[in-house]
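Shown next: query_22.txt, containing compact mmCIF, C-alpha atoms and all ligand atoms.
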```
# COMPACT_ATOMS: atom_id res chain seq x y z
CA MET A 1 257.84 288.49 -15.95
CA SER A 2 259.18 287.49 -12.59
CA THR A 3 258.23 289.63 -9.61
CA MET A 4 261.63 288.90 -8.14
CA THR A 5 264.26 291.59 -8.49
CA VAL A 6 267.68 290.43 -9.49
CA LYS A 7 270.98 292.17 -9.98
CA ARG A 8 272.68 291.94 -13.35
CA ALA A 9 275.59 290.06 -11.87
CA GLU A 10 273.22 287.51 -10.36
CA LEU A 11 271.70 286.42 -13.68
CA LYS A 12 272.03 282.71 -14.23
CA PRO A 13 273.26 281.38 -17.60
CA GLY A 14 270.43 281.53 -20.15
CA GLU A 15 268.39 284.04 -18.15
CA VAL A 16 267.39 287.37 -19.71
CA LEU A 17 267.46 290.56 -17.71
CA CYS A 18 264.21 291.78 -19.34
CA SER A 19 262.37 288.92 -17.62
CA TYR A 20 262.89 290.76 -14.36
CA CYS A 21 262.07 294.25 -15.64
CA THR A 22 258.90 296.31 -15.96
CA ALA A 23 260.03 297.37 -19.45
CA ARG A 24 261.54 300.65 -18.37
CA CYS A 25 262.92 301.27 -21.86
CA CYS A 26 259.43 301.07 -23.46
CA ARG A 27 257.94 303.80 -21.30
CA TYR A 28 259.54 306.97 -22.60
CA PHE A 29 261.72 308.31 -25.35
CA ALA A 30 264.35 311.02 -25.30
CA LEU A 31 265.64 313.23 -28.07
CA PRO A 32 268.78 315.36 -27.98
CA ILE A 33 268.10 319.08 -28.19
CA GLU A 34 270.37 322.04 -28.78
CA THR A 35 272.19 323.39 -25.78
CA PRO A 36 270.23 326.45 -24.62
CA GLU A 37 272.21 329.69 -24.74
CA THR A 38 269.68 332.50 -24.69
CA TRP A 39 266.61 333.58 -22.80
CA GLU A 40 264.60 332.60 -25.84
CA ASP A 41 266.04 329.06 -25.78
CA TYR A 42 265.15 328.64 -22.11
CA ASP A 43 261.73 330.09 -22.76
CA HIS A 44 261.16 327.40 -25.39
CA MET A 45 262.19 324.69 -22.94
CA ARG A 46 259.89 326.16 -20.33
CA TRP A 47 257.11 325.80 -22.85
CA TYR A 48 257.98 322.14 -23.52
CA VAL A 49 257.53 321.11 -19.91
CA MET A 50 254.36 323.16 -19.50
CA HIS A 51 252.73 320.41 -21.55
CA GLY A 52 253.38 317.82 -18.84
CA SER A 53 254.49 314.21 -19.28
CA CYS A 54 257.95 315.36 -20.22
CA ALA A 55 261.17 316.60 -18.68
CA ILE A 56 264.53 317.90 -19.74
CA PHE A 57 267.74 316.31 -18.60
CA VAL A 58 271.43 316.86 -19.21
CA ASP A 59 273.85 314.00 -19.44
CA GLU A 60 277.55 314.57 -20.13
CA ASP A 61 276.79 318.09 -21.40
CA VAL A 62 274.16 316.89 -23.89
CA TRP A 63 270.63 318.22 -23.38
CA PHE A 64 267.64 315.93 -23.95
CA LEU A 65 263.90 316.28 -24.09
CA MET A 66 262.39 313.21 -22.42
CA VAL A 67 258.78 312.35 -23.19
CA TYR A 68 257.03 309.94 -20.82
CA GLY A 69 254.53 307.54 -22.31
CA ASP A 70 254.15 303.80 -22.64
CA CYS A 71 254.58 302.40 -26.12
CA LYS A 72 251.19 301.42 -27.48
CA TYR A 73 252.46 297.87 -28.04
CA LEU A 74 253.60 297.28 -24.49
CA LEU A 75 251.62 294.37 -23.04
CA GLU A 76 250.38 294.08 -19.48
CA ASP A 77 253.03 291.51 -18.71
CA TYR A 78 255.71 293.95 -19.96
CA ARG A 79 256.44 292.03 -23.15
CA CYS A 80 256.37 293.57 -26.62
CA GLY A 81 253.09 293.11 -28.47
CA ASN A 82 254.71 294.00 -31.77
CA TYR A 83 257.83 291.91 -31.55
CA GLU A 84 258.01 290.81 -35.20
CA ASP A 85 257.50 294.35 -36.51
CA ARG A 86 259.16 296.39 -33.79
CA PRO A 87 261.23 299.39 -34.91
CA GLN A 88 264.94 299.06 -35.56
CA ILE A 89 265.80 301.06 -32.46
CA CYS A 90 264.07 298.39 -30.34
CA ARG A 91 265.92 295.63 -32.19
CA THR A 92 269.37 297.09 -31.66
CA TYR A 93 268.81 298.09 -28.04
CA THR A 94 270.55 295.77 -25.65
CA THR A 95 270.58 295.18 -21.94
CA ASP A 96 274.31 295.95 -21.78
CA GLU A 97 273.88 299.53 -20.60
CA CYS A 98 270.10 299.77 -20.34
CA GLU A 99 268.17 301.53 -17.62
CA TYR A 100 267.25 298.35 -15.74
CA ASP A 101 269.23 299.44 -12.71
CA ASN A 102 269.43 303.13 -13.57
CA ASP A 103 268.68 305.16 -10.46
CA GLY A 104 267.06 307.94 -12.52
CA THR A 105 269.63 310.57 -11.65
CA TYR A 106 271.12 312.87 -14.26
CA ASP A 107 273.71 315.64 -14.29
CA ARG A 108 270.72 317.99 -14.39
CA LEU A 109 266.97 317.31 -14.46
CA PHE A 110 264.19 319.84 -15.00
CA GLU A 111 260.62 318.71 -14.46
CA THR A 112 258.81 322.03 -14.08
CA PRO A 113 258.86 325.37 -15.93
CA GLU A 114 259.87 327.04 -12.67
CA GLN A 115 263.00 324.92 -12.38
CA ILE A 116 264.06 325.85 -15.91
CA TRP A 117 263.43 329.53 -15.34
CA GLU A 118 265.32 329.52 -12.05
CA TYR A 119 268.28 327.86 -13.77
CA ALA A 120 268.14 330.39 -16.62
CA HIS A 121 268.29 333.22 -14.08
CA ALA A 122 271.33 331.62 -12.50
CA VAL A 123 273.37 331.11 -15.68
CA LEU A 124 272.33 333.87 -18.08
CA PRO A 125 273.15 337.57 -17.96
CA PRO A 126 270.19 339.68 -16.82
CA LYS A 127 267.47 340.14 -19.38
CA LYS A 128 267.58 343.42 -21.23
CA LYS A 129 264.69 345.58 -20.20
CA LYS A 130 262.31 346.30 -23.04
CA LYS A 131 261.87 349.96 -23.84
CA LYS A 132 258.62 351.12 -22.31
CA LYS A 133 256.10 352.05 -24.95
CA LYS A 134 255.05 355.67 -24.71
CA SER A 135 251.46 356.17 -23.70
CA ALA A 136 249.10 358.01 -26.04
CA THR A 137 249.15 361.06 -23.71
CA GLU A 138 252.95 361.12 -23.64
CA VAL A 139 253.02 360.98 -27.42
CA SER A 140 250.46 363.76 -27.77
CA HIS A 141 252.54 365.99 -25.42
CA GLN A 142 255.65 365.59 -27.51
CA LYS A 143 256.72 368.69 -29.36
CA LEU A 144 255.88 368.52 -32.99
CA PRO A 145 258.78 369.09 -35.39
CA ILE A 146 258.99 372.71 -36.56
CA VAL A 147 258.67 373.09 -40.28
CA HIS A 148 260.21 376.33 -41.65
CA ILE A 149 258.40 377.56 -44.72
S1 LIG B 201 266.36 296.30 -22.12
FE1 LIG B 201 266.71 296.82 -19.98
S2 LIG B 201 265.20 298.40 -19.50
FE2 LIG B 201 264.55 297.39 -21.39
S3 LIG B 201 263.15 295.75 -20.72
FE3 LIG B 201 265.19 294.85 -20.88
S4 LIG B 201 266.05 295.04 -18.84
FE4 LIG B 201 264.32 296.45 -18.94
S1 LIG B 202 257.69 298.23 -30.08
FE1 LIG B 202 257.90 296.72 -28.47
S2 LIG B 202 260.07 296.82 -27.85
FE2 LIG B 202 259.59 298.67 -29.01
S3 LIG B 202 259.05 300.21 -27.47
FE3 LIG B 202 257.14 299.22 -28.18
S4 LIG B 202 256.79 297.55 -26.72
FE4 LIG B 202 258.92 298.20 -26.50
```
What would you get if you wrote out this structure as structure tokens?
Amino acid sequence: MSTMTVKRAELKPGEVLCSYCTARCCRYFALPIETPETWEDYDHMRWYVMHGSCAIFVDEDVWFLMVYGDCKYLLEDYRCGNYEDRPQICRTYTTDECEYDNDGTYDRLFETPEQIWEYAHAVLPPKKKKKKKKSATEVSHQKLPIVHI
């Protein structure tokens, strides 16, 4: 890999963009998730990011869970160490719209549980208060039903 940075438009004939990249596409994966609509949904997402090494982003109204982690086959020189047997998704991926020059900005990005919770408070109706459980004393002071014999 060259240490030189080059813009896409500056590539010379026969050159491959990946030769100038630190394999950004081999260092994470992202899966679409359902659009959160309830407090419970946001609570689940809060739980995801509590595990670290992941984030949630929104791109064109689609929500994604992004998990950071280098592929186990990524070599120190940023080439694939499993080229002949790499998964189909790696084979069909092209440099056409890859993240080589992606600036890492999204419509929305949540990296901490606090950010998700703050967003949930901004977009959801207030949480319904749970009915307070009666204490044992309160229960014992309740009038017993009268049974007419
Ligand atoms: S496809 Fe794009 S992001 Fe992946 S290694 Fe090549 S230039 Fe980098
Ligand atoms: S298998 Fe190779 S191309 Fe695919 S993610 Fe791993 S290192 Fe990258």
Using only C-alpha atoms and all ligand atoms, I'd like a table of the residues in chain A that come within 7 Å of ligand LIG 202 (chain B); for each, show the closest atom pair and its distance in Å rounded to one decimal, ordered by chain and ascending number, as JSON lines.
```
{"residue": "A:Cys25", "atom": "CA", "partner": "B:LIG202", "partner_atom": "FE4", "distance": 6.9}
{"residue": "A:Cys26", "atom": "CA", "partner": "B:LIG202", "partner_atom": "S3", "distance": 4.1}
{"residue": "A:Cys71", "atom": "CA", "partner": "B:LIG202", "partner_atom": "FE3", "distance": 4.6}
{"residue": "A:Lys72", "atom": "CA", "partner": "B:LIG202", "partner_atom": "FE3", "distance": 6.4}
{"residue": "A:Tyr73", "atom": "CA", "partner": "B:LIG202", "partner_atom": "S4", "distance": 4.5}
{"residue": "A:Leu74", "atom": "CA", "partner": "B:LIG202", "partner_atom": "S4", "distance": 3.9}
{"residue": "A:Arg79", "atom": "CA", "partner": "B:LIG202", "partner_atom": "S4", "distance": 6.6}
{"residue": "A:Cys80", "atom": "CA", "partner": "B:LIG202", "partner_atom": "FE1", "distance": 4.0}
{"residue": "A:Gly81", "atom": "CA", "partner": "B:LIG202", "partner_atom": "FE1", "distance": 6.0}
{"residue": "A:Asn82", "atom": "CA", "partner": "B:LIG202", "partner_atom": "FE1", "distance": 5.3}
{"residue": "A:Tyr83", "atom": "CA", "partner": "B:LIG202", "partner_atom": "FE1", "distance": 5.7}
{"residue": "A:Arg86", "atom": "CA", "partner": "B:LIG202", "partner_atom": "S1", "distance": 4.4}
{"residue": "A:Pro87", "atom": "CA", "partner": "B:LIG202", "partner_atom": "S1", "distance": 6.1}
{"residue": "A:Cys90", "atom": "CA", "partner": "B:LIG202", "partner_atom": "FE2", "distance": 4.7}
```
Shell of 10 Å around Cys18 in chain A, all atoms listed in the file, local chain residues under 4 positions omitted, as a list in words: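 What passes the distance filter is Met1, Ser2, Thr22, Ala23, Arg24, Cys25, Tyr78, Arg79, Thr94, Thr95, Cys98 and Tyr100 of chain A.
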Do you know which residues are at most 9 Å from Ala120 in chain A counting only C-alpha atoms, after dropping those on the same chain fewer than 6 positions away, and could you put them as a ChimeraX atom specification? /A:38-39,42-43
Residue subset to file, keeping C-alpha atoms, as a PDB file, in the coordinates of the input:
```pdb
ATOM      1  CA  THR A  38     269.680 332.500 -24.690  1.00  0.00           C
ATOM      2  CA  TRP A  39     266.610 333.580 -22.800  1.00  0.00           C
ATOM      3  CA  TYR A  42     265.150 328.640 -22.110  1.00  0.00           C
ATOM      4  CA  ASP A  43     261.730 330.090 -22.760  1.00  0.00           C
TER       5      ASP A  43
END
```
Calculate how many Å separate CA of Glu84 in chain A from CA of Leu11 in chain A, rounding to one decimal.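 For CA of Glu84 in chain A relative to CA of Leu11 in chain A, the distance reads 25.9 Å.
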Which residues are close to Ala30 in chain A, i.e. within 9 Å by only C-alpha atoms, leaving aside same-chain residues fewer than 6 positions away? Reply as a list of chain:residue names.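 Contacts, in chain order: A:Ile56, A:Phe64, A:Leu65, A:Met66, A:Val67, A:Tyr68.
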Considering all atoms listed in the file, can you say which of A:Val123, A:Glu114, A:Glu97, A:Lys133 comes closest to Met50 in chain A? A:Glu114
Counting all atoms listed in the file, the residue of A:Leu75, A:Leu124, A:Val58, A:Cys21 that sits nearest Asp107 in chain A: A:Val58
Just the number, please: distance in Å from CA of Tyr28 in chain A to CA of Tyr48 in chain A, one decimal.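 These atoms are spaced 15.3 Å apart.
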Using all atoms listed in the file, which of the listed residues (A:Glu111, A:Glu15, A:Asp101, A:Asp85) sits closest to Met45 in chain A?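 The shortest atom-to-atom distance to Met45 in chain A comes from A:Glu111.
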Please, what distance in Å, to one decimal, runs between atom FE4 of ligand LIG 201 (chain B) and CA of Pro13 in chain A?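 Spanning atom FE4 of ligand LIG 201 (chain B) to CA of Pro13 in chain A is a straight-line distance of 17.6 Å.
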Which residue is closest to ligand LIG 201 (chain B)? Choose from A:Ala55, A:Ile89, A:Ile33, A:Val62 and count all atoms listed in the file. A:Ile89
From the list A:Trp63, A:Phe29, A:Tyr119, A:Tyr93, which residue is nearest ligand LIG 201 (chain B) when using all atoms listed in the file? A:Tyr93
For each of A:Lys132, A:Tyr20, A:Tyr106, A:Trp47, take the minimum atom-to-atom distance to Asp77 in chain A, counting all atoms listed in the file, then give the residue where this is smallest. A:Tyr20
Once 5 Å is added on each side, what centre and edge lengths in Å to one decimal does the axis-aligned box around all listed atoms of range 76-84 of chain A have, as lines of an AutoDock Vina configuration file?
```
center_x = 254.2
center_y = 292.4
center_z = -27.0
size_x = 17.6
size_y = 13.3
size_z = 26.5
```
